[in-house]
Amino acid sequence: MAAKEAKARIKINKLLEEAGWRFFDSAAGKANILLENQVKLTRAALDELGEDFDKTTHGYVDFLLLDEQGFPFIVLEAKAEDKNPLFGKEQVRKYANSQHCRFIILSNGNIHYFWDLERGNPHVISRFPSPQTVTGYSKFKPDRNNLVRESVGDDYIALTQKPDFLADPSYTDEKFRKSYIEVNKLRFLRKYQLKAVQAIQKAVKAGKDRFLFEMATGTGKTLVSAAVIKLFLRTGNARRVLFLVDRIELEDQAYKAFVAYLKNDYKTVIYKENRDDWRKAEIVVSTIQTFLAQNRYKRLFAPDDFDLVISDEAHRSIGGNSRAVFEYFIGFKLGLTATPKDYLKHLDTAELGENDPRELERRLLLDTYKTFGCENANPTYRYSLVDGVKDGFLVNPIVVDARTEITTQLLSDQGYSITIQNEDGKTVEETYIQKDFEKKFFSEKTNRVFCRSFLDNALRDPISGEIGKTIIFCVSQNHAAKITQILNEMAHQVFPHRYHSDFAIQVTSRITDAQQFTINFTNNRLSGTANFNPVYKTSKTRCCVTVGMMTTGYDCPDLLNLCLMRPIFSPTDFIQIKGRGTRKHNFSEEVIDPALKSQIGDKPKTYYKMFDFFANCEYFEKKFKYDEVLKLPQYDAGNRGGLPPRPPAKGYDSQRQDAIQTIADIPIGPDGMKIDRMYFEKFEQKIIDHPVLKKQAEAGNWEELLDYIEQNILDKPEEFFTLEKLRAAIQVDRRVSLREIIEKIFGMIPYFKSKNELLDDEFDKFDSRYLPKEEYFSYAKTVFKAYILDPDFRNIIDSGYFAQLNVSPYGEAFKKLPPELRQAIPEYIKDFVMLNKFAA
């Protein structure tokens with residue numbers, strides 16, 4: 001037996017025993033200790049199976065896990081440490097069928113997959129399940145055919161809300177039907193929403209258990225989710241559903257929606273508000289952060305507690321460590337996203353550095369599609385903003401290019417340069433870019449230009465003629481306070497006696513009742529109502545000034561303006577912000593005088609304005625064609641010759657009018673120079689063009705592949721590729737291995753993980769195995785990471801010179817641990833963690 005295979009089997013033996021399994025190891029030729037000590041009934045059962053009960057017509061089973069009676073329960077296929085466990089998938093399927101086993105585990109000692117042959121595909125697990133967990137899970141036998149055959153019409157949700165509505169006279173009479181639907185708040189699936197649910201039925205019929213919906217903001221993903229939840233619960237393909245979000249406001253919003261749609265058939269709870277009785281509910285809503293805190297999901301939940309897990313804005317709520325929560329639970333998985341995979345297709349990704357926010361998010365999107373089985377770029381169902389506009393359910397914005405002279409310079413390659421005196425009285429040059437605005441670079445006059453340009457060009461309410469309802473996105477809470485003050489000052493001049501410092505209100509986390517402000521703004525009663533017209537219900541406050549509170553999951557259909565007074569670097573945030581304005585609205589619905597309402601007729605919202613003060617559209621799409629370009633006021637540059645006053649300690653406060661002077665060089669950023677990226681891309685192309693290397697990687701022949709590259713490609717005079725130069729070009733804070741580089745090139749990993757991400761991954765495996773009590777969790781994590789990274793601390797522990805812990809920064813954490821964890825951490829790291837991959 002090869003050394004790596006033998007090492008993998010040793011690990012698997014240990015993991016199985018720790019999980020409490022009785023099993024037979026074909027390589028050892030005998031049962032494990034737990035099995036040897038079983039009662040006579042178990043031994044009799046084994047004797048009945050015969051000496052070669054682990055042998056099949058296709059060969060020997062690696063490990064055979066047994067149930068309480070000692071009969072075959074799970075087949076475990078073992079692979080060498082450097083092999084992908086999935087390579088044994090088809091072979092072990094035959095073994096399992098021959099042993100009449102429903103469940104399979106595939107493992108190489110480090111990576112494990114659990115496979116229920118009756119439910120679909122293998123999925124990654126962080127630890128081996130216990131016999132009790134799988135026994136309980138085996139009693140749940142979903143029937144895919146029930147789900148596929150379920151009749152789903154546009155009234156699928158309405159029938160749960162009010163089962164007898166079809167027979168109600170107020171519904172059957174068309175004169176009263178619209179009013180009846182509004183009073184009872186019945187929700188009917190639109191045609192495209194119905195197609196989304198039916199797409200899941202088709203996918204289940206095709207044997208899939210993972211699904212991805214790519215649907216634009218404002219298209220009703222929560223309503224569709226409710227229909228999917230009902231479909232799985234009603235057909236017996238789920239007993240309980242987990243709905244994961246990444247923000248508290250979305251948690252509350254989802255809870256209220258599911259209660260409104262499904263309360264007559266199913267109970268919905270928010271987990272953190274029902275920690276003791278959440279099992280009584282069929283639908284559990286939670287933020288991913290609640291489950292992640294101290295890896296709570298492993299300690300408080302079994303892998304089979306949820307048979308359907310839905311992840312809202314999937315590539316954020318399953319990114320990084322959050323994925324562990326998502327993958328922990330056995331069952332069907334549905335991801336929802338409003339961010340298309342090809343959103344950044346117009347950008348030349350070769351121009352982006354490894355750490356560029358757009359590149360990072362692009363990789364996350366790609367990885368999300370792979371996670372849900374959509375490597376071909378086709379989600380289970382797609383409904384875009386373009387589709388919504390075309391079908392008349394959404395509206396497009398008019399995008400306004402509103403760059404000032406200063407922001408134009410901040411956005412340029414050269415940046416905005418100034419000459420100042422430092423503390424020593426020396427003249428020095430400072431350069432600022434768009435990221436520095438309202439963080440290091442401050443300009444009152446630029447903020448005033450923003451506000452004046454907005455007021456002069458904003459869309460007006462079609463009924464009252466006042467400034468249309470607006471959300472303004474700022475850099476920080478301090479910036480939001482400044483903008484709010486400026487807008488209220490200007491509104492006092494433009495609309496005398498109409499407002500009392502409530503034209504604009506700051507809505508950020510530090511403001512008391514900020515969450516209620518957002519609700520009142522939607523309901524048209526923020527600071528009062530009917531300020532211009534007594535029979536027209538619209539909020540007195542016209543502008544909510546925020547930073548991030550109203551970016552996701554906030555519904556306000558009568559918004560007419562969005563202002564981006566900040567640079568945005570995340571495509572997801574940009575799409576979510578843009579989506580705040582896409583919902584349709586008929587302004588006449590807010591008129592409370594029937595005569596006036598009849599006189600003016602419908603006043604539909606046909607578009608909204610999005611003021612882009614920082615070229616955000618161009619950032620995500622080169623050569624973006626703006627619908628409108630404002631010619632902003634030109635100011636005299638003022639005193640260009642003299643030095644400006646000494647800046648405040650934390651940055652530069654510009655006293656000049658909005659005009660600039662360009663005298664700057666570009667410092668080399670964290671992504672390195674373009675030549676470094678080209679070096680890696682040249683190596684990448686050489687590997688991709690090779691006729692054999694990809695096949696070798698997919699086959700798991702890593703030793704031969706890496707040896708070939710070292711012998712025939714690296715350190716050759718033609719290009720002189722070296723591992724050290726490749727690492728330098730990658731710009732990661734640790735020693736990336738050659739294998740990782742090849743895996744990244746062939747798309748086997750989405751990106752190079754940082755040192756801290758790898759540490760979190762390794763600790764997560766340790767935590768899955770030992771599950772330290774919550775009071776020890778943070779200490780265990782500190783000691784675990786310190787033992788890997790700090791050779792001095794490692795030497796103290798290994799040598800037993802514990803007196804030196806008094807001068808170690810990690811000594812106090814080590815002392816807090818119980819004896820068993822003090823011993824387990826170094827032993828585990830020595831057995832399972834390769835320290836050289838954490839070297840700088």
# chains A, B, ... in the order shown; residues from 1 in each chain; ligands from 1

call {"tool": "residues_around", "arguments": {"residues": "Phe532 of chain A", "least_positions_apart": "3", "cutoff": "9 Å", "atoms": "only C-alpha atoms", "output": "JSON, numbers by chain"}}
result
{"A": [464, 465, 466, 498, 529, 536, 540]}

call {"tool": "closest_atom_pairs", "arguments": {"of": "segment 692-781 of chain A", "to": "segment 107-110 of chain A", "cutoff": "12 Å", "atoms": "only C-alpha atoms", "output": "Markdown table"}}
result
| residue | atom | partner | partner_atom | distance |
| --- | --- | --- | --- | --- |
| A:Asp761 | CA | A:Asn110 | CA | 11.5 |
| A:Glu762 | CA | A:Asn110 | CA | 10.2 |
| A:Lys765 | CA | A:Asn110 | CA | 8.7 |
| A:Phe766 | CA | A:Asn110 | CA | 11.1 |
| A:Arg769 | CA | A:Asn110 | CA | 11.8 |

call {"tool": "write_last_selection", "arguments": {"atoms": "N, CA, C and O atoms", "output": "JSON list (two decimals), in the first residue's frame"}}
result
[["chain", "number", "residue", "atom", "x", "y", "z"],
["A", 761, "ASP", "N", -9.71, 27.73, 8.08],
["A", 761, "ASP", "CA", -10.10, 26.42, 7.54],
["A", 761, "ASP", "C", -9.57, 25.29, 8.41],
["A", 761, "ASP", "O", -10.28, 24.33, 8.73],
["A", 762, "GLU", "N", -8.30, 25.38, 8.79],
["A", 762, "GLU", "CA", -7.68, 24.31, 9.60],
["A", 762, "GLU", "C", -8.32, 24.25, 10.98],
["A", 762, "GLU", "O", -8.57, 23.16, 11.50],
["A", 765, "LYS", "N", -11.67, 22.48, 10.93],
["A", 765, "LYS", "CA", -11.58, 21.01, 10.94],
["A", 765, "LYS", "C", -11.32, 20.50, 12.36],
["A", 765, "LYS", "O", -11.92, 19.51, 12.79],
["A", 766, "PHE", "N", -10.41, 21.18, 13.07],
["A", 766, "PHE", "CA", -10.14, 20.80, 14.45],
["A", 766, "PHE", "C", -11.40, 20.94, 15.30],
["A", 766, "PHE", "O", -11.74, 20.07, 16.11],
["A", 769, "ARG", "N", -13.93, 18.27, 14.99],
["A", 769, "ARG", "CA", -13.52, 17.00, 15.60],
["A", 769, "ARG", "C", -13.65, 17.02, 17.13],
["A", 769, "ARG", "O", -14.11, 16.06, 17.73]]

call {"tool": "residues_around", "arguments": {"residues": "Asn145 of chain A", "least_positions_apart": "5", "cutoff": "9 Å", "atoms": "only C-alpha atoms", "output": "ChimeraX atom specification"}}
result
/A:150,204-205,235

call {"tool": "write_last_selection", "arguments": {"atoms": "N, CA and C atoms", "output": "short mmCIF file (atom, residue, chain, number, x, y, z; two decimals), in the first residue's frame"}}
result
data_model
loop_
_atom_site.label_atom_id
_atom_site.label_comp_id
_atom_site.auth_asym_id
_atom_site.auth_seq_id
_atom_site.Cartn_x
_atom_site.Cartn_y
_atom_site.Cartn_z
N GLU A 150 -46.30 17.60 -8.33
CA GLU A 150 -47.12 18.60 -7.64
C GLU A 150 -47.60 19.68 -8.62
N VAL A 204 -35.18 18.78 -10.21
CA VAL A 204 -35.31 17.62 -9.32
C VAL A 204 -35.56 16.36 -10.14
N LYS A 205 -36.37 16.48 -11.16
CA LYS A 205 -36.64 15.33 -12.03
C LYS A 205 -35.36 14.84 -12.70
N THR A 235 -44.89 18.32 -0.29
CA THR A 235 -44.69 17.03 -0.97
C THR A 235 -43.84 16.05 -0.15
#

call {"tool": "select_by_dssp", "arguments": {"residues": "segment 406-546 of chain A", "states": "helix (DSSP H, G or I)", "output": "PyMOL selection string"}}
result
chain A and resi 406-411+434-436+444-457+477-494+514-522

call {"tool": "closest_residue", "arguments": {"among": "A:Pro818, A:Gly553, A:Gly153, A:Gly331", "to": "Lys221 of chain A", "atoms": "only C-alpha atoms"}}
result
A:Gly553

call {"tool": "atom_distance", "arguments": {"atom1": "atom CA of Val152 of chain A", "atom2": "atom CA of Ile283 of chain A"}}
result
19.9 Å

call {"tool": "residues_around", "arguments": {"residues": "His585 of chain A", "least_positions_apart": "2", "cutoff": "7 Å", "atoms": "only C-alpha atoms", "output": "number ranges by chain"}}
result
A: 557-558, 583, 587, 604-605

call {"tool": "residues_around", "arguments": {"residues": "Pro826 of chain A", "least_positions_apart": "4", "cutoff": "9 Å", "atoms": "only C-alpha atoms", "output": "list of chain:residue names"}}
result
A:Phe784, A:Tyr787, A:Ile788, A:Arg794, A:Ile797, A:Asp798, A:Leu821, A:Arg822, A:Lys830, A:Asp831

call {"tool": "residues_around", "arguments": {"residues": "Asn616 of chain A", "least_positions_apart": "5", "cutoff": "9 Å", "atoms": "only C-alpha atoms", "output": "list in words"}}
result
Leu564, Arg566, Pro567, Ile568, Phe569, Phe574 and Glu621 of chain A

call {"tool": "residues_around", "arguments": {"residues": "segment 545-551 of chain A", "least_positions_apart": "5", "cutoff": "7 Å", "atoms": "only C-alpha atoms", "output": "PyMOL selection string"}}
result
chain A and resi 471-477+480+484+504-508+573+576-577

call {"tool": "closest_residue", "arguments": {"among": "A:Glu698, A:Asp689, A:Asp790, A:Asp602", "to": "Leu86 of chain A", "atoms": "only C-alpha atoms"}}
result
A:Glu698

call {"tool": "closest_residue", "arguments": {"among": "A:His497, A:Arg580, A:His112, A:Lys744", "to": "Glu77 of chain A", "atoms": "only C-alpha atoms"}}
result
A:His112

call {"tool": "select_by_dssp", "arguments": {"residues": "segment 436-465 of chain A", "states": "strand (DSSP E or B)", "output": "NGL selection string"}}
result
:A and (437 or 441-443 or 460)

call {"tool": "write_last_selection", "arguments": {"atoms": "N, CA and C atoms", "output": "PDB file, in the first residue's frame"}}
result
ATOM      1  N   PHE A 437     -11.875  60.028  -0.472  1.00  0.00           N
ATOM      2  CA  PHE A 437     -12.869  61.083  -0.296  1.00  0.00           C
ATOM      3  C   PHE A 437     -13.642  60.866   1.007  1.00  0.00           C
ATOM      4  N   PHE A 441      -9.385  62.858   2.420  1.00  0.00           N
ATOM      5  CA  PHE A 441      -9.534  64.085   1.634  1.00  0.00           C
ATOM      6  C   PHE A 441     -10.940  64.639   1.872  1.00  0.00           C
ATOM      7  N   PHE A 442     -11.028  65.917   2.298  1.00  0.00           N
ATOM      8  CA  PHE A 442     -12.317  66.516   2.634  1.00  0.00           C
ATOM      9  C   PHE A 442     -12.500  67.820   1.852  1.00  0.00           C
ATOM     10  N   SER A 443     -13.701  67.993   1.315  1.00  0.00           N
ATOM     11  CA  SER A 443     -13.973  69.209   0.546  1.00  0.00           C
ATOM     12  C   SER A 443     -15.426  69.620   0.738  1.00  0.00           C
ATOM     13  N   ARG A 460     -39.119  65.449 -10.113  1.00  0.00           N
ATOM     14  CA  ARG A 460     -40.137  65.986  -9.206  1.00  0.00           C
ATOM     15  C   ARG A 460     -41.316  65.014  -9.109  1.00  0.00           C
TER      16      ARG A 460
END

call {"tool": "closest_residue", "arguments": {"among": "A:Lys83, A:Lys597, A:Lys725, A:Arg382", "to": "Glu214 of chain A", "atoms": "only C-alpha atoms"}}
result
A:Arg382

call {"tool": "closest_residue", "arguments": {"among": "A:Asn146, A:Gln193, A:Thr582, A:Thr407", "to": "Glu438 of chain A", "atoms": "only C-alpha atoms"}}
result
A:Thr407
